[in-house]
Amino acid sequence: MNRQPHRAPEPLHVTVWNEAAPGAPRAVLVHGTMSWGTECFAAQRSLGGRFRLEVVDRRGFGDSPDIERSDYAVDAEDLGQLLGQEAHLVGHSYGAAAVPVASTSPGRSAPVICGCPAPATRRIRTGRTR
């Protein structure tokens with residue numbers, strides 16, 4: 001059997017909008033399916049004066065690596081690696097569907113905002129279809 005060695009996935013592309021004072025709170029912004037990070041959150045750019053905004057391109061969108069198909073579990077794992085304990089997490093549409101899983105890290109206390117969450121067609125934790 002010919003097995004391919006496991007390779008770590010390429011990192012996501014993140015655009016940083018930050019004109020805030022050093023030590024300003026972080027906010028990670030996650031877009032939905034019909035756009036990419038900077039297009040989806042263009043109207044929020046001015047918040048970069050109060051927050052360090054980290055605008056994510058999910059896999060397969062914008063300047064992030066391509067992916068065969070969208071997957072809530074993959075998105076949640078990606079977000080979990082970006083978040084840390086202190087970042088606010090903002091998800092829109094499909095981006096909001098992966099947010100609950102990514103935001104459940106032990107000890108996490110920062111706010112989570114889900115705008116227009118897309119209905120999950122799978123159970124996020126088990127990966128089984130309904």
# chains A, B, ... in the order shown; residues from 1 in each chain; ligands from 1
$ residues_around --residues "Gly91 in chain A" --least-positions-apart "2" --cutoff "7 Å" --atoms "only C-alpha atoms" --output "PyMOL selection string"
chain A and resi 29-31+89+93+95-96+99+113-115
$ closest_residue --among "A:Thr15, A:Asp66, A:Phe61, A:Cys116" --to "Ala42 in chain A" --atoms "only C-alpha atoms"
A:Thr15
$ select_by_dssp --residues "range 13-100 of chain A" --states "alpha helix (DSSP H)" --output "list in words"
Gly37, Thr38, Glu39, Cys40, Tyr72, Ala73, Val74, Asp75, Ala76, Glu77, Asp78, Leu79, Gly80, Gln81, Leu82, Leu83, Tyr94, Gly95, Ala96, Ala97, Ala98, Val99 and Pro100 of chain A
$ write_last_selection --atoms "N, CA, C and O atoms" --output "PDB file, in the first residue's frame"
ATOM      1  N   GLY A  37     -12.787  37.296   3.318  1.00  0.00           N
ATOM      2  CA  GLY A  37     -12.660  38.130   4.505  1.00  0.00           C
ATOM      3  C   GLY A  37     -12.768  39.622   4.295  1.00  0.00           C
ATOM      4  O   GLY A  37     -13.648  40.285   4.852  1.00  0.00           O
ATOM      5  N   THR A  38     -11.869  40.208   3.501  1.00  0.00           N
ATOM      6  CA  THR A  38     -11.851  41.666   3.383  1.00  0.00           C
ATOM      7  C   THR A  38     -13.077  42.220   2.671  1.00  0.00           C
ATOM      8  O   THR A  38     -13.493  43.334   2.939  1.00  0.00           O
ATOM      9  N   GLU A  39     -13.690  41.429   1.784  1.00  0.00           N
ATOM     10  CA  GLU A  39     -14.918  41.888   1.130  1.00  0.00           C
ATOM     11  C   GLU A  39     -16.090  41.845   2.112  1.00  0.00           C
ATOM     12  O   GLU A  39     -16.874  42.777   2.207  1.00  0.00           O
ATOM     13  N   CYS A  40     -16.187  40.785   2.858  1.00  0.00           N
ATOM     14  CA  CYS A  40     -17.301  40.595   3.784  1.00  0.00           C
ATOM     15  C   CYS A  40     -17.304  41.650   4.897  1.00  0.00           C
ATOM     16  O   CYS A  40     -18.361  42.144   5.277  1.00  0.00           O
ATOM     17  N   TYR A  72     -17.050  22.167   8.168  1.00  0.00           N
ATOM     18  CA  TYR A  72     -17.131  22.862   9.452  1.00  0.00           C
ATOM     19  C   TYR A  72     -16.001  22.454  10.393  1.00  0.00           C
ATOM     20  O   TYR A  72     -15.430  23.294  11.082  1.00  0.00           O
ATOM     21  N   ALA A  73     -15.689  21.172  10.449  1.00  0.00           N
ATOM     22  CA  ALA A  73     -14.653  20.693  11.376  1.00  0.00           C
ATOM     23  C   ALA A  73     -13.281  21.249  11.016  1.00  0.00           C
ATOM     24  O   ALA A  73     -12.518  21.646  11.888  1.00  0.00           O
ATOM     25  N   VAL A  74     -12.957  21.302   9.720  1.00  0.00           N
ATOM     26  CA  VAL A  74     -11.674  21.864   9.282  1.00  0.00           C
ATOM     27  C   VAL A  74     -11.630  23.347   9.617  1.00  0.00           C
ATOM     28  O   VAL A  74     -10.636  23.860  10.141  1.00  0.00           O
ATOM     29  N   ASP A  75     -12.726  24.064   9.328  1.00  0.00           N
ATOM     30  CA  ASP A  75     -12.771  25.488   9.644  1.00  0.00           C
ATOM     31  C   ASP A  75     -12.632  25.720  11.144  1.00  0.00           C
ATOM     32  O   ASP A  75     -11.915  26.625  11.578  1.00  0.00           O
ATOM     33  N   ALA A  76     -13.306  24.914  11.948  1.00  0.00           N
ATOM     34  CA  ALA A  76     -13.219  25.073  13.405  1.00  0.00           C
ATOM     35  C   ALA A  76     -11.787  24.819  13.897  1.00  0.00           C
ATOM     36  O   ALA A  76     -11.289  25.556  14.753  1.00  0.00           O
ATOM     37  N   GLU A  77     -11.121  23.824  13.343  1.00  0.00           N
ATOM     38  CA  GLU A  77      -9.734  23.545  13.735  1.00  0.00           C
ATOM     39  C   GLU A  77      -8.825  24.713  13.344  1.00  0.00           C
ATOM     40  O   GLU A  77      -7.991  25.153  14.130  1.00  0.00           O
ATOM     41  N   ASP A  78      -9.008  25.223  12.120  1.00  0.00           N
ATOM     42  CA  ASP A  78      -8.228  26.384  11.679  1.00  0.00           C
ATOM     43  C   ASP A  78      -8.428  27.562  12.629  1.00  0.00           C
ATOM     44  O   ASP A  78      -7.476  28.218  13.042  1.00  0.00           O
ATOM     45  N   LEU A  79      -9.676  27.845  12.966  1.00  0.00           N
ATOM     46  CA  LEU A  79      -9.981  28.976  13.832  1.00  0.00           C
ATOM     47  C   LEU A  79      -9.431  28.773  15.227  1.00  0.00           C
ATOM     48  O   LEU A  79      -8.919  29.708  15.850  1.00  0.00           O
ATOM     49  N   GLY A  80      -9.521  27.560  15.723  1.00  0.00           N
ATOM     50  CA  GLY A  80      -8.978  27.263  17.042  1.00  0.00           C
ATOM     51  C   GLY A  80      -7.490  27.568  17.127  1.00  0.00           C
ATOM     52  O   GLY A  80      -7.004  28.059  18.147  1.00  0.00           O
ATOM     53  N   GLN A  81      -6.761  27.302  16.045  1.00  0.00           N
ATOM     54  CA  GLN A  81      -5.328  27.586  16.020  1.00  0.00           C
ATOM     55  C   GLN A  81      -5.057  29.085  15.979  1.00  0.00           C
ATOM     56  O   GLN A  81      -4.048  29.550  16.502  1.00  0.00           O
ATOM     57  N   LEU A  82      -5.933  29.854  15.365  1.00  0.00           N
ATOM     58  CA  LEU A  82      -5.747  31.306  15.270  1.00  0.00           C
ATOM     59  C   LEU A  82      -6.137  32.046  16.547  1.00  0.00           C
ATOM     60  O   LEU A  82      -5.588  33.089  16.862  1.00  0.00           O
ATOM     61  N   LEU A  83      -7.113  31.521  17.257  1.00  0.00           N
ATOM     62  CA  LEU A  83      -7.755  32.274  18.319  1.00  0.00           C
ATOM     63  C   LEU A  83      -6.924  32.574  19.550  1.00  0.00           C
ATOM     64  O   LEU A  83      -6.869  33.714  19.991  1.00  0.00           O
ATOM     65  N   TYR A  94     -21.926  31.210   6.918  1.00  0.00           N
ATOM     66  CA  TYR A  94     -21.234  29.931   7.110  1.00  0.00           C
ATOM     67  C   TYR A  94     -20.106  30.078   8.125  1.00  0.00           C
ATOM     68  O   TYR A  94     -19.838  29.167   8.901  1.00  0.00           O
ATOM     69  N   GLY A  95     -19.438  31.229   8.119  1.00  0.00           N
ATOM     70  CA  GLY A  95     -18.368  31.470   9.087  1.00  0.00           C
ATOM     71  C   GLY A  95     -18.866  31.369  10.517  1.00  0.00           C
ATOM     72  O   GLY A  95     -18.134  30.964  11.411  1.00  0.00           O
ATOM     73  N   ALA A  96     -20.119  31.726  10.761  1.00  0.00           N
ATOM     74  CA  ALA A  96     -20.695  31.639  12.101  1.00  0.00           C
ATOM     75  C   ALA A  96     -20.999  30.204  12.499  1.00  0.00           C
ATOM     76  O   ALA A  96     -21.065  29.889  13.682  1.00  0.00           O
ATOM     77  N   ALA A  97     -21.171  29.311  11.542  1.00  0.00           N
ATOM     78  CA  ALA A  97     -21.485  27.916  11.860  1.00  0.00           C
ATOM     79  C   ALA A  97     -20.283  27.194  12.471  1.00  0.00           C
ATOM     80  O   ALA A  97     -20.451  26.300  13.300  1.00  0.00           O
ATOM     81  N   ALA A  98     -19.069  27.564  12.091  1.00  0.00           N
ATOM     82  CA  ALA A  98     -17.867  26.938  12.647  1.00  0.00           C
ATOM     83  C   ALA A  98     -17.441  27.589  13.957  1.00  0.00           C
ATOM     84  O   ALA A  98     -16.685  27.010  14.727  1.00  0.00           O
ATOM     85  N   VAL A  99     -17.952  28.775  14.221  1.00  0.00           N
ATOM     86  CA  VAL A  99     -17.550  29.530  15.399  1.00  0.00           C
ATOM     87  C   VAL A  99     -17.824  28.806  16.717  1.00  0.00           C
ATOM     88  O   VAL A  99     -16.957  28.763  17.587  1.00  0.00           O
ATOM     89  N   PRO A 100     -19.016  28.213  16.938  1.00  0.00           N
ATOM     90  CA  PRO A 100     -19.256  27.584  18.238  1.00  0.00           C
ATOM     91  C   PRO A 100     -18.234  26.512  18.606  1.00  0.00           C
ATOM     92  O   PRO A 100     -17.819  26.416  19.760  1.00  0.00           O
TER      93      PRO A 100
END
$ atom_distance --atom1 "CA of Ser64 in chain A" --atom2 "CA of Thr33 in chain A"
13.6 Å
$ atom_distance --atom1 "CA of Ala27 in chain A" --atom2 "CA of Ser70 in chain A"
22.8 Å
$ closest_residue --among "A:Ala20, A:Pro25, A:Val112, A:Ala43" --to "Glu86 in chain A" --atoms "only C-alpha atoms"
A:Pro25
$ closest_residue --among "A:Arg69, A:Arg59, A:Arg50, A:His92" --to "Leu12 in chain A" --atoms "only C-alpha atoms"
A:Arg59
$ atom_distance --atom1 "CA of Arg58 in chain A" --atom2 "CA of His13 in chain A"
7.8 Å
$ closest_residue --among "A:Trp36, A:Pro65, A:Val28, A:Arg45" --to "Val90 in chain A" --atoms "only C-alpha atoms"
A:Val28
$ closest_residue --among "A:Val16, A:Ala21, A:Glu10, A:Met34" --to "Gly62 in chain A" --atoms "only C-alpha atoms"
A:Met34
